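Next up, coords-v6.txt (compact mmCIF, C-alpha atoms):
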# COMPACT_ATOMS: atom_id res chain seq x y z
CA ALA A 1 65.10 77.90 69.25
CA GLY A 2 63.59 81.34 69.73
CA ASP A 3 65.91 83.06 67.24
CA ARG A 4 64.94 85.76 64.80
CA VAL A 5 66.19 84.44 61.45
CA LEU A 6 66.27 85.97 57.97
CA ASP A 7 66.74 84.04 54.72
CA VAL A 8 67.47 86.86 52.27
CA CYS A 9 67.33 84.98 48.93
CA ALA A 10 65.07 82.15 50.02
CA ALA A 11 63.38 80.70 46.90
CA PRO A 12 62.63 77.91 46.25
CA GLY A 13 62.83 77.19 49.99
CA GLY A 14 65.14 74.24 50.61
CA LYS A 15 67.18 76.12 53.21
CA ALA A 16 64.23 78.10 54.59
CA THR A 17 62.34 74.91 55.39
CA GLU A 18 65.42 73.56 57.20
CA LEU A 19 65.63 76.79 59.19
CA GLY A 20 61.94 76.46 60.06
CA ALA A 21 62.53 72.90 61.25
CA LYS A 22 65.39 74.06 63.50
CA LEU A 23 63.21 76.80 65.01
CA ASN A 24 60.52 74.19 65.69
CA GLY A 25 57.69 76.70 66.02
CA SER A 26 59.59 79.22 68.18
CA GLY A 27 61.00 82.63 67.31
CA VAL A 28 60.31 84.02 63.87
CA LEU A 29 61.56 83.14 60.37
CA ILE A 30 61.47 85.77 57.63
CA ALA A 31 61.90 84.22 54.18
CA ASN A 32 62.39 86.73 51.37
CA ASP A 33 62.94 86.61 47.63
CA LEU A 34 63.02 89.58 45.28
CA SER A 35 61.32 87.63 42.46
CA ASN A 36 57.59 87.54 43.11
CA SER A 37 57.08 84.40 41.02
CA ARG A 38 59.89 82.57 42.80
CA ALA A 39 58.61 83.79 46.16
CA ARG A 40 55.27 82.12 45.43
CA GLY A 41 57.06 78.81 44.92
CA LEU A 42 58.85 79.46 48.20
CA LEU A 43 55.51 80.05 49.91
CA LYS A 44 54.15 76.73 48.64
CA ASN A 45 57.13 74.83 50.07
CA ILE A 46 56.88 76.66 53.40
CA GLU A 47 53.23 75.55 53.64
CA LEU A 48 53.95 71.96 52.60
CA PHE A 49 56.43 71.69 55.46
CA GLY A 50 53.85 72.98 57.94
CA ILE A 51 55.84 76.02 59.09
CA GLY A 52 53.67 78.55 60.90
CA ASN A 53 56.03 81.08 62.51
CA VAL A 54 57.03 82.62 59.20
CA LEU A 55 56.77 85.86 57.29
CA VAL A 56 57.18 85.41 53.51
CA LEU A 57 58.19 88.59 51.66
CA SER A 58 59.13 89.62 48.13
CA GLU A 59 61.31 92.70 48.60
CA GLU A 60 64.59 94.32 47.71
CA PRO A 61 67.02 93.50 50.53
CA GLY A 62 67.86 97.19 50.74
CA LYS A 63 64.28 98.02 51.68
CA LEU A 64 64.31 95.50 54.52
CA VAL A 65 67.13 97.44 56.21
CA ASN A 66 64.70 100.23 57.05
CA TYR A 67 62.35 97.77 58.78
CA PHE A 68 64.83 95.50 60.60
CA PRO A 69 67.90 97.42 61.80
CA GLU A 70 70.11 95.18 64.00
CA TYR A 71 67.11 92.88 64.50
CA PHE A 72 68.18 89.35 63.52
CA ASP A 73 70.12 86.74 65.47
CA LYS A 74 71.07 84.89 62.28
CA ILE A 75 70.97 85.69 58.56
CA LEU A 76 71.41 83.35 55.59
CA ILE A 77 72.50 84.70 52.20
CA ASP A 78 72.44 82.06 49.48
CA ALA A 79 73.66 84.69 47.07
CA PRO A 80 72.88 85.03 43.36
CA CYS A 81 76.00 83.84 41.54
CA SER A 82 77.44 82.73 38.20
CA GLY A 83 76.58 79.12 39.01
CA GLU A 84 79.82 77.44 37.95
CA GLY A 85 79.24 74.69 40.50
CA MET A 86 75.99 73.73 38.76
CA PHE A 87 77.35 73.25 35.21
CA ARG A 88 77.37 69.46 35.56
CA LYS A 89 73.79 69.40 36.83
CA ASP A 90 72.22 71.95 34.49
CA ARG A 91 73.75 72.72 31.10
CA LYS A 92 71.63 75.88 30.81
CA MET A 93 73.85 77.40 33.49
CA VAL A 94 76.72 77.50 30.98
CA LYS A 95 74.72 79.75 28.66
CA ALA A 96 73.68 81.94 31.61
CA TRP A 97 77.34 82.23 32.65
CA GLU A 98 78.26 83.43 29.15
CA GLU A 99 75.63 86.17 29.44
CA HIS A 100 76.41 87.17 33.04
CA GLY A 101 79.76 86.04 34.39
CA PRO A 102 81.39 86.61 37.79
CA GLU A 103 81.92 90.35 37.29
CA PHE A 104 78.15 90.87 37.01
CA PHE A 105 77.32 88.99 40.21
CA VAL A 106 80.11 90.38 42.40
CA LYS A 107 78.37 93.78 42.55
CA ILE A 108 75.05 92.17 43.54
CA GLN A 109 76.66 89.99 46.21
CA ARG A 110 78.52 92.87 47.83
CA SER A 111 75.36 94.96 47.92
CA ILE A 112 73.31 92.18 49.55
CA ILE A 113 75.89 91.25 52.20
CA THR A 114 76.37 94.93 53.11
CA GLN A 115 72.62 95.35 53.57
CA ALA A 116 72.36 92.14 55.58
CA ALA A 117 75.13 93.33 57.92
CA GLN A 118 72.97 96.28 58.93
CA MET A 119 70.12 93.94 59.92
CA LEU A 120 72.27 91.68 62.11
CA LYS A 121 72.40 92.32 65.85
CA PRO A 122 75.76 92.63 67.66
CA GLY A 123 77.03 89.11 68.23
CA GLY A 124 74.81 87.75 65.46
CA MET A 125 75.94 85.28 62.81
CA LEU A 126 75.71 85.45 59.03
CA LEU A 127 76.13 82.59 56.57
CA TYR A 128 77.13 83.54 53.02
CA SER A 129 77.03 80.82 50.37
CA THR A 130 77.24 80.43 46.59
CA CYS A 131 77.11 77.60 44.07
CA THR A 132 80.11 78.82 42.11
CA PHE A 133 83.87 78.10 42.07
CA SER A 134 84.70 81.71 41.13
CA PRO A 135 87.25 83.19 43.60
CA GLU A 136 85.97 86.70 42.83
CA GLU A 137 82.50 85.76 44.09
CA ASP A 138 83.68 83.57 46.96
CA GLU A 139 86.85 84.49 48.85
CA GLY A 140 86.95 87.80 46.95
CA SER A 141 83.53 88.98 48.10
CA ILE A 142 84.21 87.91 51.69
CA ALA A 143 87.63 89.58 51.75
CA TRP A 144 86.14 92.82 50.43
CA PHE A 145 83.37 92.70 53.04
CA LEU A 146 85.76 92.06 55.95
CA GLN A 147 87.98 94.95 54.87
CA GLU A 148 84.93 97.24 54.68
CA HIS A 149 83.43 95.92 57.96
CA PRO A 150 86.16 95.37 60.58
CA ASP A 151 83.46 94.56 63.16
CA PHE A 152 82.99 91.17 61.43
CA SER A 153 85.24 88.12 61.59
CA VAL A 154 85.25 84.62 60.08
CA ILE A 155 84.12 81.68 62.21
CA PRO A 156 86.03 78.64 60.87
CA ILE A 157 83.70 75.96 59.54
CA GLY A 158 86.28 73.20 59.94
CA SER A 159 84.24 70.30 58.56
CA PRO A 160 86.22 67.17 57.54
CA TYR A 161 83.95 66.92 54.48
CA PHE A 162 84.85 70.38 53.15
CA SER A 163 88.06 71.87 51.82
CA PRO A 164 89.35 75.13 53.33
CA GLY A 165 88.93 78.42 51.47
CA ARG A 166 91.70 79.60 49.15
CA PRO A 167 92.97 83.06 50.12
CA ASP A 168 95.89 82.47 47.72
CA TRP A 169 93.47 82.63 44.77
CA ILE A 170 92.69 86.33 45.22
CA ALA A 171 94.87 89.44 45.07
CA ASP A 172 93.92 91.07 48.38
CA PRO A 173 92.99 88.41 50.96
CA ALA A 174 91.66 89.19 54.45
CA ALA A 175 92.47 87.41 57.69
CA GLY A 176 90.55 84.21 58.33
CA LEU A 177 89.66 83.25 54.75
CA GLU A 178 91.16 79.81 55.26
CA GLY A 179 88.27 79.23 57.69
CA THR A 180 85.73 79.45 54.87
CA ALA A 181 84.76 76.27 53.02
CA ARG A 182 84.73 74.93 49.49
CA LEU A 183 82.59 71.92 48.57
CA TRP A 184 84.00 70.05 45.59
CA PRO A 185 81.74 67.68 43.63
CA HIS A 186 84.54 65.12 43.22
CA HIS A 187 84.96 64.94 47.02
CA LEU A 188 81.33 64.57 48.14
CA ARG A 189 77.85 63.88 46.83
CA GLY A 190 76.40 67.05 45.36
CA GLU A 191 77.49 70.02 43.30
CA GLY A 192 80.11 72.76 43.82
CA HIS A 193 79.60 75.31 46.60
CA PHE A 194 81.32 77.88 48.80
CA ALA A 195 80.32 78.91 52.32
CA ALA A 196 81.53 81.41 54.92
CA VAL A 197 80.24 81.98 58.45
CA LEU A 198 80.76 85.51 59.78
CA GLN A 199 80.08 86.94 63.22
CA LYS A 200 79.42 90.53 64.18
CA SER A 201 81.35 91.82 67.19
CA GLY A 202 79.56 92.77 70.39
CA ASP A 203 76.90 91.15 72.50
CA ALA A 204 73.48 92.76 72.63
CA PRO A 205 69.87 91.70 72.19
CA GLY A 206 68.24 92.36 68.85
CA ARG A 207 66.74 95.80 68.55
CA GLN A 208 63.08 96.11 69.48
CA ILE A 209 60.98 97.35 66.57
CA PRO A 210 57.25 98.11 66.26
CA THR A 211 55.09 94.99 65.99
CA GLU A 212 51.96 94.36 63.97
CA PRO A 213 48.81 94.72 66.12
CA GLY A 214 46.58 91.67 66.35
CA ILE A 215 42.82 91.27 66.72
CA LYS A 216 40.62 89.29 69.07
CA ALA A 217 40.19 85.65 68.08
CA PRO A 218 37.31 85.47 65.57
CA LYS A 219 34.49 83.33 66.97
CA GLU A 220 34.36 81.35 63.71
CA VAL A 221 37.95 80.23 64.24
CA ALA A 222 37.35 79.32 67.87
CA GLU A 223 34.20 77.36 66.99
CA PHE A 224 35.90 75.43 64.20
CA ALA A 225 38.94 74.61 66.33
CA SER A 226 36.69 73.37 69.14
CA THR A 227 34.49 71.25 66.86
CA ALA A 228 37.35 69.72 64.86
CA GLY A 229 39.73 69.35 67.78
CA ALA A 230 42.33 71.35 65.84
CA ALA A 231 45.17 72.87 67.85
CA LEU A 232 46.39 76.43 67.36
CA PRO A 233 49.98 77.64 67.74
CA GLU A 234 50.86 80.46 70.09
CA GLY A 235 50.51 83.86 68.50
CA LYS A 236 48.17 86.68 67.55
CA PHE A 237 45.40 86.84 64.97
CA ILE A 238 46.10 88.99 61.89
CA PRO A 239 43.35 89.72 59.32
CA PHE A 240 44.02 90.17 55.60
CA GLY A 241 40.63 90.90 54.08
CA ALA A 242 38.44 87.89 54.88
CA ARG A 243 41.46 85.65 55.51
CA VAL A 244 42.78 85.13 59.02
CA PHE A 245 46.36 84.31 60.00
CA LEU A 246 47.98 83.36 63.30
CA ALA A 247 51.36 85.07 63.52
CA PRO A 248 54.20 85.08 66.08
CA GLU A 249 53.65 87.58 68.89
CA GLU A 250 56.73 89.56 67.83
CA LEU A 251 55.66 89.79 64.17
CA PRO A 252 57.13 93.12 62.97
CA MET A 253 55.13 95.92 61.38
CA LEU A 254 54.22 95.03 57.79
CA ARG A 255 52.95 98.28 56.31
CA GLY A 256 54.73 99.11 53.07
CA LEU A 257 56.14 95.60 52.53
CA ARG A 258 55.11 93.12 49.85
CA VAL A 259 53.78 90.37 52.10
CA LEU A 260 52.85 86.95 50.72
CA ARG A 261 52.27 85.29 54.07
CA CYS A 262 52.29 86.47 57.69
CA GLY A 263 52.26 83.44 59.94
CA LEU A 264 49.97 80.42 59.64
CA GLU A 265 46.92 80.80 57.41
CA LEU A 266 43.87 79.56 59.31
CA GLY A 267 41.22 80.12 56.67
CA GLU A 268 38.62 82.47 55.24
CA LEU A 269 35.62 83.87 57.13
CA ARG A 270 32.31 83.30 55.31
CA LYS A 271 28.94 84.32 56.78
CA GLY A 272 29.32 82.92 60.25
CA ARG A 273 31.66 80.04 59.43
CA LEU A 274 35.31 79.40 58.66
CA ASP A 275 36.60 77.74 55.50
CA PRO A 276 39.79 76.23 56.95
CA ALA A 277 43.08 76.60 55.07
CA HIS A 278 45.15 73.65 53.89
CA ALA A 279 48.18 75.25 55.57
CA TRP A 280 46.58 74.78 58.98
CA ALA A 281 46.08 71.06 58.41
CA LEU A 282 49.69 70.70 57.25
CA TRP A 283 50.92 72.51 60.36
CA LEU A 284 49.05 70.08 62.64
CA GLN A 285 50.98 67.01 61.43
CA THR A 286 49.19 64.90 64.04
CA GLY A 287 46.45 63.07 62.17
CA ALA A 288 43.80 65.55 63.32
CA LEU A 289 41.48 66.72 60.55
CA THR A 290 42.09 63.56 58.51
CA LEU A 291 39.67 60.97 57.16
CA ASP A 292 40.35 57.33 56.31
CA LEU A 293 38.26 56.29 53.31
CA ASP A 294 37.89 52.75 52.04
CA ARG A 295 38.58 52.37 48.32
CA ASN A 296 34.94 51.37 47.79
CA ASP A 297 33.56 54.35 49.69
CA PRO A 298 31.57 56.61 47.28
CA LEU A 299 33.01 59.62 49.10
CA LEU A 300 36.46 58.68 47.82
CA ARG A 301 35.43 59.18 44.20
CA ARG A 302 33.96 62.57 45.06
CA TYR A 303 37.14 63.51 46.91
CA MET A 304 39.36 62.46 43.99
CA ALA A 305 37.21 64.58 41.69
CA GLY A 306 37.99 67.63 43.82
CA GLU A 307 34.56 67.92 45.40
CA SER A 308 33.91 68.94 48.99
CA ILE A 309 32.80 66.00 51.13
CA PRO A 310 31.03 65.92 54.51
CA ALA A 311 33.04 64.90 57.56
CA ASP A 312 32.14 64.31 61.18
CA PHE A 313 35.42 65.04 62.92
CA ALA A 314 33.75 64.91 66.32
CA GLY A 315 33.03 61.22 65.68
For this file, produce the structure as structure tokens.
Amino acid sequence: AGDRVLDVCAAPGGKATELGAKLNGSGVLIANDLSNSRARGLLKNIELFGIGNVLVLSEEPGKLVNYFPEYFDKILIDAPCSGEGMFRKDRKMVKAWEEHGPEFFVKIQRSIITQAAQMLKPGGMLLYSTCTFSPEEDEGSIAWFLQEHPDFSVIPIGSPYFSPGRPDWIADPAAGLEGTARLWPHHLRGEGHFAAVLQKSGDAPGRQIPTEPGIKAPKEVAEFASTAGAALPEGKFIPFGARVFLAPEELPMLRGLRVLRCGLELGELRKGRLDPAHAWALWLQTGALTLDLDRNDPLLRRYMAGESIPADFAG
């Protein structure tokens, strides 16, 4: 609770939504994916899970370093990889592996983890994972990183469900690799994966960086919330054109970043009224702003046809 968390390669959002659930509305979650199309799928899943304290970006990880130096408490890297652990699940992965094998992905992985290290505060934790069996991309990438960054060390995962890492499978192992984890599909339900938890030495709060200025609460938002009995999370109001968002107080400066979402979308301002956003209703998760319609109610047919229907929430 209260952590600043970055999911570097977040699409389609399975891990980002779990991180959002753990934060439970506190702190800030930044979910990023370089692919704009994949990031839009990520955004949809973030909204479906009703996560409000989130910034969804579509940026090169290297660019984020300039915005978030030593800022995050925790960083997740579900790294691009050759996908050997997914062959059983998706046969197309075999063809992709033939086009781009481990050697191709090792360079990408080492670049991403190096950039992430610069965004982690002293004492912060980083989780690196892949869905491949390849030692070059798993123990190999972690060993290389530890040798290049002596201020990091492995935190042993030590789960009875996982097998220990295999330092004996690479030529130049680093200390602690046996504390990483391999997930074998013949030992548990699921596919093949590798995971390593690393910690940065030191103990210091995350660096303070400039924050995005907010605006006064638009009267249309306040009026709608009062009429509908809709709660609002803590935060500050951020305008994007006619759309209004409620973002965490410590939302960092956004200028120059490709932003898909900054906080919880409340709706669009239209001539003295607010058209509320679906994301707001999903965030509520309390039954507020819902209608129960009998199957014979003529409004139900209109609703199923995609029409707007009248509603007296006050009643």
Item to check | Pick from A:Gln115, A:Val244, A:Leu198, A:Ser141 nearest to Pro156 (chain A), counting all atoms listed in the file | outcome: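 With all atoms listed in the file as the atom set, the closest residue is A:Leu198.
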Item to check | From A:Glu137, A:Leu300, A:Tyr71, A:Pro167, residue lying nearest Ile209 (chain A) [all atoms listed in the file] | outcome: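 Of the candidates, the smallest distance to Ile209 (chain A) is held by A:Tyr71.
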Next on the checklist: With only C-alpha atoms as the counted atoms, please give the residues lying no more than 8 Å from region 225-238 of chain A, apart from itself and same-chain residues fewer than 2 positions off, as a PyMOL selection string.
Outcome noted: chain A and resi 25+52+213-217+221-223+240+244-249+262+284+288-289+313-314
Checklist outcome for this item: Computed gap from CA of Asp151 (chain A) to CA of Arg207 (chain A) is 17.6 Å
Next on the checklist: Applying 10 Å and all atoms listed in the file, which residues near Arg40 (chain A) remain after dropping the ones on its own chain fewer than 3 positions away? List them as a list in words.
Outcome noted: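 Contacts, with the query itself left out: Ala11, Pro12, Asp33, Ser35, Asn36, Ser37, Leu43, Lys44, Asn45, Ile46, Val56, Leu57, Ser58, Leu260 and Arg261 of chain A.
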Generate a file of the selected residues that holds C-alpha atoms, formatted as a compact mmCIF listing (two decimals), in the coordinates of the input.
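The new file result-v4.txt reads:
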# COMPACT_ATOMS: atom_id res chain seq x y z
CA ALA A 11 63.38 80.70 46.90
CA PRO A 12 62.63 77.91 46.25
CA ASP A 33 62.94 86.61 47.63
CA SER A 35 61.32 87.63 42.46
CA ASN A 36 57.59 87.54 43.11
CA SER A 37 57.08 84.40 41.02
CA LEU A 43 55.51 80.05 49.91
CA LYS A 44 54.15 76.73 48.64
CA ASN A 45 57.13 74.83 50.07
CA ILE A 46 56.88 76.66 53.40
CA VAL A 56 57.18 85.41 53.51
CA LEU A 57 58.19 88.59 51.66
CA SER A 58 59.13 89.62 48.13
CA LEU A 260 52.85 86.95 50.72
CA ARG A 261 52.27 85.29 54.07
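CA of Asp292 (chain A) sits 20.7 Å away from CA of Gly50 (chain A).
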Need to verify the contact set: Pro122 (chain A), 6 Å, all atoms listed in the file, exclusion of same-chain residues closer than 2 positions in sequence. Can you return it as a PDB file with C-alpha atoms, in the coordinates of the input?
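Just written: result_29.pdb:
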ATOM      1  CA  GLY A 124      74.810  87.750  65.460  1.00  0.00           C
ATOM      2  CA  LYS A 200      79.420  90.530  64.180  1.00  0.00           C
ATOM      3  CA  SER A 201      81.350  91.820  67.190  1.00  0.00           C
ATOM      4  CA  GLY A 202      79.560  92.770  70.390  1.00  0.00           C
ATOM      5  CA  ASP A 203      76.900  91.150  72.500  1.00  0.00           C
ATOM      6  CA  ALA A 204      73.480  92.760  72.630  1.00  0.00           C
TER       7      ALA A 204
END
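Considering only C-alpha atoms, the residue among A:Leu76, A:Leu48, A:Leu183, A:Leu64 positioned nearest to Leu19 (chain A) is A:Leu76.
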Item to check | Residues within 10 Å of Gly190 (chain A), all atoms listed in the file, excluding chain neighbours under 6 positions, as JSON, numbers by chain | outcome: {"A": [85, 86, 89, 183, 184]}
